Structure formats: C-alpha cells, structure tokens
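Colleague: Here you go, run22.pdb (PDB, C-alpha atoms):
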```
ATOM      1  CA  MET A   1      87.973  68.707 104.448
ATOM      2  CA  HIS A   2      89.373  71.952 103.080
ATOM      3  CA  HIS A   3      88.107  73.475  99.897
ATOM      4  CA  ARG A   4      90.318  75.600  97.710
ATOM      5  CA  TYR A   5      88.840  78.262  95.524
ATOM      6  CA  PRO A   6      91.295  79.368  92.868
ATOM      7  CA  LEU A   7      91.429  83.064  92.055
ATOM      8  CA  ASN A   8      91.851  83.936  88.421
ATOM      9  CA  LYS A   9      93.764  87.004  87.228
ATOM     10  CA  SER A  10      90.591  89.025  86.612
ATOM     11  CA  CYS A  11      89.429  88.428  90.163
ATOM     12  CA  LEU A  12      92.828  89.388  91.590
ATOM     13  CA  LYS A  13      92.943  92.575  89.504
ATOM     14  CA  LEU A  14      89.480  93.541  90.727
ATOM     15  CA  ILE A  15      90.441  92.935  94.356
ATOM     16  CA  PHE A  16      93.676  94.910  93.964
ATOM     17  CA  SER A  17      91.840  97.771  92.252
ATOM     18  CA  TYR A  18      89.453  98.052  95.180
ATOM     19  CA  LEU A  19      92.314  97.890  97.664
ATOM     20  CA  LEU A  20      94.141 100.658  95.816
ATOM     21  CA  VAL A  21      91.163 102.955  96.202
ATOM     22  CA  LEU A  22      90.033 101.906  99.678
ATOM     23  CA  ILE A  23      93.216 101.388 101.685
ATOM     24  CA  PRO A  24      95.090 104.589 102.529
ATOM     25  CA  ALA A  25      98.820 104.525 102.038
ATOM     26  CA  CYS A  26     101.076 105.163 104.995
ATOM     27  CA  ASP A  27     101.972 108.770 105.694
ATOM     28  CA  ILE A  28     105.475 109.489 104.496
ATOM     29  CA  GLY A  29     105.201 113.257 104.858
ATOM     30  CA  ASN A  30     107.343 115.486 107.006
ATOM     31  CA  LYS A  31     107.668 113.301 110.119
ATOM     32  CA  GLU A  32     109.602 115.786 112.245
ATOM     33  CA  ASN A  33     106.868 118.372 112.674
ATOM     34  CA  GLY A  34     104.002 115.904 112.286
ATOM     35  CA  ASN A  35     102.228 117.545 109.365
ATOM     36  CA  ASN A  36     101.449 116.008 106.027
ATOM     37  CA  GLU A  37     103.187 118.618 103.902
ATOM     38  CA  TYR A  38     106.150 117.201 102.070
ATOM     39  CA  THR A  39     109.551 118.783 102.138
ATOM     40  CA  ASN A  40     109.416 121.332  99.382
ATOM     41  CA  PHE A  41     111.968 121.333  96.619
ATOM     42  CA  SER A  42     112.760 123.429  93.586
ATOM     43  CA  LEU A  43     114.522 121.638  90.756
ATOM     44  CA  GLU A  44     114.983 122.738  87.161
ATOM     45  CA  ASP A  45     112.729 121.178  84.534
ATOM     46  CA  ILE A  46     115.177 119.722  82.001
ATOM     47  CA  ASN A  47     112.625 118.512  79.438
ATOM     48  CA  PRO A  48     112.684 120.911  76.445
ATOM     49  CA  ASN A  49     109.240 119.595  75.393
ATOM     50  CA  SER A  50     107.661 120.666  78.690
ATOM     51  CA  PRO A  51     105.865 124.029  79.015
ATOM     52  CA  THR A  52     107.897 124.661  82.202
ATOM     53  CA  PHE A  53     111.294 123.866  80.642
ATOM     54  CA  GLY A  54     114.026 125.801  82.482
ATOM     55  CA  ASP A  55     111.740 126.710  85.407
ATOM     56  CA  LEU A  56     112.341 125.599  88.963
ATOM     57  CA  ILE A  57     109.436 123.291  89.839
ATOM     58  CA  GLY A  58     108.248 121.506  92.963
ATOM     59  CA  PRO A  59     105.252 121.333  95.291
ATOM     60  CA  SER A  60     105.154 125.084  96.018
ATOM     61  CA  PHE A  61     105.334 125.823  92.271
ATOM     62  CA  TYR A  62     102.184 123.710  91.796
ATOM     63  CA  LYS A  63     100.277 124.994  94.866
ATOM     64  CA  GLY A  64      96.583 125.067  93.995
ATOM     65  CA  ASN A  65      96.939 122.034  91.720
ATOM     66  CA  ALA A  66      96.908 118.341  92.518
ATOM     67  CA  SER A  67     100.343 117.045  91.619
ATOM     68  CA  GLY A  68     101.804 113.612  90.978
ATOM     69  CA  TYR A  69     105.536 112.903  91.178
ATOM     70  CA  TYR A  70     107.003 109.877  89.454
ATOM     71  CA  PHE A  71     110.397 108.691  90.692
ATOM     72  CA  GLY A  72     112.310 106.895  87.980
ATOM     73  CA  ASP A  73     115.613 106.042  86.370
ATOM     74  CA  GLN A  74     115.737 107.969  83.096
ATOM     75  CA  GLY A  75     117.849 105.276  81.479
ATOM     76  CA  TRP A  76     115.736 102.227  82.392
ATOM     77  CA  GLY A  77     113.202 100.938  79.856
ATOM     78  CA  LEU A  78     110.439 100.101  82.344
ATOM     79  CA  CYS A  79     110.721 103.530  83.977
ATOM     80  CA  ARG A  80     110.512 105.163  80.547
ATOM     81  CA  THR A  81     107.458 103.085  79.649
ATOM     82  CA  ARG A  82     105.650 103.981  82.884
ATOM     83  CA  PHE A  83     106.469 107.671  82.417
ATOM     84  CA  GLY A  84     105.091 107.478  78.871
ATOM     85  CA  VAL A  85     101.787 106.142  80.227
ATOM     86  CA  LEU A  86     101.707 108.974  82.785
ATOM     87  CA  ASN A  87     102.285 111.417  79.918
ATOM     88  CA  SER A  88      99.223 109.990  78.134
ATOM     89  CA  LEU A  89      97.222 110.136  81.365
ATOM     90  CA  TYR A  90      98.128 113.802  81.807
ATOM     91  CA  LYS A  91      97.090 114.601  78.223
ATOM     92  CA  ASP A  92      93.771 112.780  78.794
ATOM     93  CA  LEU A  93      93.110 114.784  81.967
ATOM     94  CA  VAL A  94      93.850 118.093  80.239
ATOM     95  CA  GLY A  95      91.728 117.042  77.246
ATOM     96  CA  GLU A  96      88.832 116.397  79.640
ATOM     97  CA  GLY A  97      89.192 119.867  81.177
ATOM     98  CA  TYR A  98      91.183 118.974  84.308
ATOM     99  CA  ASN A  99      93.703 121.784  84.022
ATOM    100  CA  ASN A 100      94.567 121.796  87.727
ATOM    101  CA  VAL A 101      96.374 118.441  87.746
ATOM    102  CA  ILE A 102     100.133 118.237  87.196
ATOM    103  CA  ILE A 103     102.471 115.265  86.766
ATOM    104  CA  ALA A 104     106.258 115.547  86.923
ATOM    105  CA  GLY A 105     109.133 113.064  86.946
ATOM    106  CA  ILE A 106     112.185 112.999  89.197
ATOM    107  CA  ASN A 107     115.384 111.189  88.240
ATOM    108  CA  GLY A 108     117.309 109.724  91.170
ATOM    109  CA  ILE A 109     120.767 110.953  92.121
ATOM    110  CA  ALA A 110     122.133 107.454  91.492
ATOM    111  CA  PHE A 111     120.912 107.644  87.877
ATOM    112  CA  ILE A 112     122.377 111.039  86.959
ATOM    113  CA  ASP A 113     124.587 109.512  84.252
ATOM    114  CA  SER A 114     121.747 107.549  82.613
ATOM    115  CA  ASP A 115     120.674 108.612  79.129
ATOM    116  CA  LEU A 116     117.905 111.231  79.314
ATOM    117  CA  SER A 117     116.692 111.188  75.697
ATOM    118  CA  GLY A 118     114.415 108.143  75.913
ATOM    119  CA  MET A 119     112.651 109.506  78.988
ATOM    120  CA  ILE A 120     111.623 112.850  77.530
ATOM    121  CA  GLU A 121     111.246 112.041  73.831
ATOM    122  CA  ASP A 122     107.729 113.034  72.663
ATOM    123  CA  ARG A 123     106.689 113.795  76.261
ATOM    124  CA  VAL A 124     105.411 117.082  77.645
ATOM    125  CA  LEU A 125     105.745 116.285  81.345
ATOM    126  CA  PRO A 126     108.387 118.097  83.374
ATOM    127  CA  TRP A 127     111.446 115.994  84.236
ATOM    128  CA  VAL A 128     113.916 117.061  86.925
ATOM    129  CA  GLN A 129     117.189 115.723  88.290
ATOM    130  CA  ASP A 130     117.343 115.160  92.056
ATOM    131  CA  LYS A 131     120.483 116.573  93.655
ATOM    132  CA  ILE A 132     122.493 115.938  96.795
ATOM    133  CA  GLU A 133     121.352 119.311  98.184
ATOM    134  CA  SER A 134     117.645 118.476  97.832
ATOM    135  CA  ASP A 135     117.811 114.648  98.109
ATOM    136  CA  ILE A 136     114.060 114.277  97.511
ATOM    137  CA  TRP A 137     114.231 110.501  97.121
ATOM    138  CA  ASN A 138     115.700 110.157 100.620
ATOM    139  CA  ASN A 139     113.633 112.915 102.255
ATOM    140  CA  TRP A 140     110.383 111.457 100.916
ATOM    141  CA  ASP A 141     111.472 107.831 101.600
ATOM    142  CA  ILE A 142     111.029 106.876  97.935
ATOM    143  CA  SER A 143     111.523 103.614  96.056
ATOM    144  CA  LEU A 144     112.166 103.298  92.335
ATOM    145  CA  ARG A 145     108.925 103.852  90.356
ATOM    146  CA  ASP A 146     106.930 105.328  93.252
ATOM    147  CA  PHE A 147     104.192 107.718  92.178
ATOM    148  CA  VAL A 148     103.330 110.198  94.944
ATOM    149  CA  ILE A 149     100.173 112.278  94.694
ATOM    150  CA  LEU A 150      99.843 115.540  96.637
ATOM    151  CA  ASP A 151      96.607 117.481  97.008
ATOM    152  CA  ALA A 152      96.165 121.098  95.932
ATOM    153  CA  ASN A 153      97.702 122.295  99.235
ATOM    154  CA  GLY A 154     100.837 120.191  98.824
ATOM    155  CA  ASN A 155      99.735 117.592 101.377
ATOM    156  CA  PHE A 156     100.218 113.868 100.948
ATOM    157  CA  PHE A 157      97.236 112.221  99.249
ATOM    158  CA  TYR A 158      98.390 108.818  97.963
ATOM    159  CA  ILE A 159     101.385 106.750  96.930
ATOM    160  CA  VAL A 160     101.547 103.731  94.648
ATOM    161  CA  ASN A 161     104.554 101.939  93.237
ATOM    162  CA  LEU A 162     104.253 101.467  89.467
ATOM    163  CA  THR A 163     106.566  98.457  89.272
ATOM    164  CA  ASP A 164     103.836  95.842  89.669
ATOM    165  CA  PHE A 165     100.908  98.246  89.410
ATOM    166  CA  ASP A 166     101.050  98.625  85.632
ATOM    167  CA  PRO A 167      99.317 101.873  84.619
ATOM    168  CA  SER A 168      98.932 100.631  81.034
ATOM    169  CA  ILE A 169      96.250  98.213  82.292
ATOM    170  CA  GLU A 170      92.955 100.021  81.770
ATOM    171  CA  SER A 171      91.582  99.556  85.301
ATOM    172  CA  ASN A 172      94.876 100.723  86.853
ATOM    173  CA  TYR A 173      95.028 103.685  84.465
ATOM    174  CA  ASN A 174      91.481 104.673  85.422
ATOM    175  CA  ASN A 175      92.250 104.296  89.142
ATOM    176  CA  LEU A 176      95.279 106.590  88.864
ATOM    177  CA  LYS A 177      93.236 109.064  86.884
ATOM    178  CA  GLN A 178      90.512 109.093  89.533
ATOM    179  CA  LEU A 179      93.052 109.496  92.340
ATOM    180  CA  LEU A 180      94.476 112.598  90.636
ATOM    181  CA  ILE A 181      90.982 114.014  90.095
ATOM    182  CA  ASP A 182      90.059 113.322  93.736
ATOM    183  CA  ALA A 183      93.283 114.925  94.987
ATOM    184  CA  ARG A 184      92.164 118.241  93.456
ATOM    185  CA  ASN A 185      89.238 118.446  95.868
ATOM    186  CA  ASN A 186      90.787 116.938  98.979
TER     187      ASN A 186
END
```
Give the structure from this file in structure tokens form.

Modeller:
Amino acid sequence: MHHRYPLNKSCLKLIFSYLLVLIPACDIGNKENGNNEYTNFSLEDINPNSPTFGDLIGPSFYKGNASGYYFGDQGWGLCRTRFGVLNSLYKDLVGEGYNNVIIAGINGIAFIDSDLSGMIEDRVLPWVQDKIESDIWNNWDISLRDFVILDANGNFFYIVNLTDFDPSIESNYNNLKQLLIDARNN
C-alpha cells in the first residue's frame, strides 16, 4: 500500500527557499577560457533617475561591489513589477548600510522598441539597452527575467530566474537580499 503525503504551498515554498540557498547554479561564465569572470560590457545608463545616468556601466564599472543584473523587457508588466521589487530591495540594502551592492537592469535587443517609461518611473536603478555589438543576453546565455549576481571581483556568484521565483514574496525577497550580501564577501 502506498501512502501519499500532500505538500501544501507553505511547505513547498520552504523547500524551494532552502534549495535556492543550498544548490549552486550552473556556471554560465566565460566558457572559452574556463574562468568565472563574465564577458565585460559597457552600456549607457538610460534611466534619468539613476545616479549613474549617462555613464557607461557594466561589471568593470562596479568592480569592488557585488552586482546583480536583471534581464527584462522594459515594456512587459511582469518585468516592470519585478524590477520595481529589485529597486525596493536595493533601497533597503543601502538603508541598512550595504553601500557596496549594486543592481542594474538590461533590456534585451529584441525589446528595443518597447516603452521605457514604465520600467524606470520612480526607480533609481540603472537601466541599459543591450546592443548587437555587446549582445550580453547571448554571451551570458540569459533567459527573460534572469537575475545574475556577480561577486565583488566580477565573478559569477548566483543566478535565479524571477519568473516563478517572485521576489515580492517575503521569503524570496529575503533570500535575494542575503545572496547579494553574501556576494560582497565571496
């Protein structure tokens, strides 16, 4: 006789939260030379609300800081919502004295014609437009709504896709926050 033990949503969330922290993500760094440093890029911050507006940003710009890169479609509501949560997370980190953590967003080449205004409205995070010359989405093997965390040396630390992993859920929010804090000291 087989017994079935149903898992409720709380139990599943707890299990997933532990898996997020305990299971390392696959290395999607620079595969050609075998190191974990991502292909660097420099793209212009196009968010006028960002302190780095007009600057060329990328991993080398943020060397010495843990950095998180959110890959979204600036015209898609769910991408805008997730980026808004990341904006709040960044403000919380800075408010708690974590000034060496950066979060930036990268719009995909395919979404260049999408409306930008809803993505950057009331947000201080840098937002850049990927280009054919840099092709970060392809070079980093990215999917829509991936959030890639690099350590202070620009090395891969963690990746999570924010499609199903909703950062507005408190436990997920706290896990992302802790990952960014941990990446500072990696």

Colleague: Please enumerate the residues selected by the PyMOL selection byres ((chain A and resi 134-142) around 7) when evaluated against the supplied file, formatted as JSON, numbers by chain.

Modeller: {"A": [28, 29, 41, 108, 130, 131, 132, 133, 143, 144, 146]}

Colleague: Identify all residues satisfying the PyMOL selection byres ((chain A and resi 55) around 12) in the given file; provide them as a short mmCIF file (atom, residue, chain, number, x, y, z; two decimals) with C-alpha atoms, keeping the file's coordinate frame.

Modeller:
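Ended up saving to out.cif:
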```cif
data_model
loop_
_atom_site.label_atom_id
_atom_site.label_comp_id
_atom_site.auth_asym_id
_atom_site.auth_seq_id
_atom_site.Cartn_x
_atom_site.Cartn_y
_atom_site.Cartn_z
CA SER A 42 112.76 123.43 93.59
CA LEU A 43 114.52 121.64 90.76
CA GLU A 44 114.98 122.74 87.16
CA ASP A 45 112.73 121.18 84.53
CA ILE A 46 115.18 119.72 82.00
CA ASN A 47 112.62 118.51 79.44
CA PRO A 48 112.68 120.91 76.44
CA SER A 50 107.66 120.67 78.69
CA PRO A 51 105.86 124.03 79.02
CA THR A 52 107.90 124.66 82.20
CA PHE A 53 111.29 123.87 80.64
CA GLY A 54 114.03 125.80 82.48
CA LEU A 56 112.34 125.60 88.96
CA ILE A 57 109.44 123.29 89.84
CA GLY A 58 108.25 121.51 92.96
CA PHE A 61 105.33 125.82 92.27
CA TYR A 62 102.18 123.71 91.80
CA PRO A 126 108.39 118.10 83.37
CA TRP A 127 111.45 115.99 84.24
CA VAL A 128 113.92 117.06 86.92
#
```

Colleague: At what distance in Å, to one decimal, does atom CA of A:Arg82 lie from atom CA of A:Asn99?

Modeller: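 These two atoms are separated by 21.5 Å.
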
Colleague: Can you measure atom CA of A:Asn186 to atom CA of A:Tyr98 for me? One decimal in Å is fine.

Modeller: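 Going from atom CA of A:Asn186 over to atom CA of A:Tyr98 covers 14.8 Å.
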
Colleague: Using all atoms listed in the file, which of the listed residues (A:Asn174, A:Ser67, A:Gln129, A:Thr81) sits closest to A:Ser114?

Modeller: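 Going through A:Asn174, A:Ser67, A:Gln129, A:Thr81 one by one, the smallest distance to A:Ser114 is for A:Gln129.
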
Colleague: Quick check, in Å to one decimal: how far apart do atom CA of A:Arg145 and atom CA of A:Leu89 lie?

Modeller: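 Spanning atom CA of A:Arg145 to atom CA of A:Leu89 is a straight-line distance of 16.0 Å.
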
Colleague: So which one's closest to A:Thr39, A:Ala183, A:Gln74, A:Leu150, A:Tyr158? Using only C-alpha atoms, please.

Modeller: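 Going through A:Ala183, A:Gln74, A:Leu150, A:Tyr158 one by one, the smallest distance to A:Thr39 is for A:Leu150.
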
Colleague: Just say which residues the PyMOL selection byres ((chain A and resi 116) around 10) picks in this file, as a PyMOL selection string.

Modeller: chain A and resi 46-47+73-76+80+107+111-115+117-121+127

Colleague: Once you add 6 Å to each side, what are the centre and edge lengths of the axis-aligned box holding all listed atoms of stretch 141-154 of chain A? One decimal in Å, as AutoDock Vina command-line options, if you can.

Modeller:
```
--center_x 104.2 --center_y 112.8 --center_z 96.0 --size_x 28.0 --size_y 31.0 --size_z 23.2
```

Colleague: Counting all atoms listed in the file, figure out which residue out of A:Gln178, A:Asn40, A:Thr163, A:Asn185 gets nearest to A:Cys79.

Modeller: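 Residue with the minimum atom-to-atom distance to A:Cys79: A:Thr163.
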
Colleague: Can you pull out the residues contacting A:Ile149? Cut-off 10 Å, using only C-alpha atoms, and skip same-chain residues under 2 positions away; I want them as a ChimeraX atom specification.

Modeller: /A:66-70,102-103,146-147,151-152,154-160,176,179-180,183

Colleague: Which residue is closest to A:Asn87? Choose from A:Arg123, A:Phe71, A:Val101, A:Ala110 and count all atoms listed in the file.

Modeller: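 The closest residue to A:Asn87 is A:Arg123.
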
Colleague: Excluding same-chain residues fewer than 5 positions from A:Asp166, what lies within 10 Å of it counting only C-alpha atoms, as a ChimeraX atom specification?

Modeller: /A:81-82,85,161,171-173

Colleague: Of the candidates A:Gly105, A:Gly77, A:Gly72, A:Gly84, which shows the shortest atom-to-atom distance to A:Ser168, using all atoms listed in the file?

Modeller: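 Between A:Gly105, A:Gly77, A:Gly72, A:Gly84, the residue approaching A:Ser168 most closely is A:Gly84.
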
Colleague: Working from the structure I just supplied, which lacks atoms in stretch 91-109 of chain A, can you model N, CA, C and O atoms there and output them as a JSON list (two decimals), in the coordinates of the input?

Modeller:
```json
[["chain", "number", "residue", "atom", "x", "y", "z"],
["A", 91, "LYS", "N", 97.74, 114.04, 79.41],
["A", 91, "LYS", "CA", 97.09, 114.60, 78.22],
["A", 91, "LYS", "C", 95.59, 114.31, 78.23],
["A", 91, "LYS", "O", 94.79, 115.17, 77.85],
["A", 92, "ASP", "N", 95.20, 113.10, 78.68],
["A", 92, "ASP", "CA", 93.77, 112.78, 78.79],
["A", 92, "ASP", "C", 93.08, 113.70, 79.79],
["A", 92, "ASP", "O", 91.98, 114.21, 79.53],
["A", 93, "LEU", "N", 93.70, 113.91, 80.95],
["A", 93, "LEU", "CA", 93.11, 114.78, 81.97],
["A", 93, "LEU", "C", 92.92, 116.20, 81.44],
["A", 93, "LEU", "O", 91.85, 116.80, 81.60],
["A", 94, "VAL", "N", 93.94, 116.74, 80.80],
["A", 94, "VAL", "CA", 93.85, 118.09, 80.24],
["A", 94, "VAL", "C", 92.78, 118.14, 79.15],
["A", 94, "VAL", "O", 91.98, 119.07, 79.10],
["A", 95, "GLY", "N", 92.74, 117.11, 78.30],
["A", 95, "GLY", "CA", 91.73, 117.04, 77.25],
["A", 95, "GLY", "C", 90.31, 116.99, 77.78],
["A", 95, "GLY", "O", 89.36, 117.42, 77.12],
["A", 96, "GLU", "N", 90.15, 116.47, 79.00],
["A", 96, "GLU", "CA", 88.83, 116.40, 79.64],
["A", 96, "GLU", "C", 88.54, 117.63, 80.50],
["A", 96, "GLU", "O", 87.53, 117.67, 81.19],
["A", 97, "GLY", "N", 89.43, 118.61, 80.46],
["A", 97, "GLY", "CA", 89.19, 119.87, 81.18],
["A", 97, "GLY", "C", 89.77, 119.93, 82.58],
["A", 97, "GLY", "O", 89.52, 120.89, 83.30],
["A", 98, "TYR", "N", 90.54, 118.95, 82.99],
["A", 98, "TYR", "CA", 91.18, 118.97, 84.31],
["A", 98, "TYR", "C", 92.52, 119.68, 84.19],
["A", 98, "TYR", "O", 93.56, 119.04, 84.09],
["A", 99, "ASN", "N", 92.49, 121.00, 84.21],
["A", 99, "ASN", "CA", 93.70, 121.78, 84.02],
["A", 99, "ASN", "C", 94.45, 122.04, 85.32],
["A", 99, "ASN", "O", 95.50, 122.68, 85.31],
["A", 100, "ASN", "N", 93.91, 121.57, 86.44],
["A", 100, "ASN", "CA", 94.57, 121.80, 87.73],
["A", 100, "ASN", "C", 95.15, 120.50, 88.29],
["A", 100, "ASN", "O", 95.14, 120.26, 89.49],
["A", 101, "VAL", "N", 95.67, 119.67, 87.39],
["A", 101, "VAL", "CA", 96.37, 118.44, 87.75],
["A", 101, "VAL", "C", 97.71, 118.45, 87.01],
["A", 101, "VAL", "O", 97.76, 118.68, 85.80],
["A", 102, "ILE", "N", 98.78, 118.21, 87.75],
["A", 102, "ILE", "CA", 100.13, 118.24, 87.20],
["A", 102, "ILE", "C", 100.82, 116.90, 87.48],
["A", 102, "ILE", "O", 100.62, 116.32, 88.54],
["A", 103, "ILE", "N", 101.62, 116.44, 86.55],
["A", 103, "ILE", "CA", 102.47, 115.26, 86.77],
["A", 103, "ILE", "C", 103.89, 115.65, 86.37],
["A", 103, "ILE", "O", 104.10, 116.29, 85.34],
["A", 104, "ALA", "N", 104.85, 115.28, 87.21],
["A", 104, "ALA", "CA", 106.26, 115.55, 86.92],
["A", 104, "ALA", "C", 107.08, 114.31, 87.28],
["A", 104, "ALA", "O", 106.66, 113.50, 88.11],
["A", 105, "GLY", "N", 108.24, 114.18, 86.67],
["A", 105, "GLY", "CA", 109.13, 113.06, 86.95],
["A", 105, "GLY", "C", 110.41, 113.54, 87.60],
["A", 105, "GLY", "O", 110.88, 114.65, 87.34],
["A", 106, "ILE", "N", 110.97, 112.66, 88.47],
["A", 106, "ILE", "CA", 112.18, 113.00, 89.20],
["A", 106, "ILE", "C", 113.19, 111.86, 89.04],
["A", 106, "ILE", "O", 112.94, 110.74, 89.47],
["A", 107, "ASN", "N", 114.31, 112.17, 88.41],
["A", 107, "ASN", "CA", 115.38, 111.19, 88.24],
["A", 107, "ASN", "C", 116.20, 111.12, 89.52],
["A", 107, "ASN", "O", 116.53, 112.14, 90.12],
["A", 108, "GLY", "N", 116.52, 109.91, 89.95],
["A", 108, "GLY", "CA", 117.31, 109.72, 91.17],
["A", 108, "GLY", "C", 118.76, 110.14, 91.01],
["A", 108, "GLY", "O", 119.32, 110.07, 89.91],
["A", 109, "ILE", "N", 119.36, 110.55, 92.12],
["A", 109, "ILE", "CA", 120.77, 110.95, 92.12],
["A", 109, "ILE", "C", 121.65, 109.83, 91.57],
["A", 109, "ILE", "O", 122.57, 110.07, 90.80]]
```
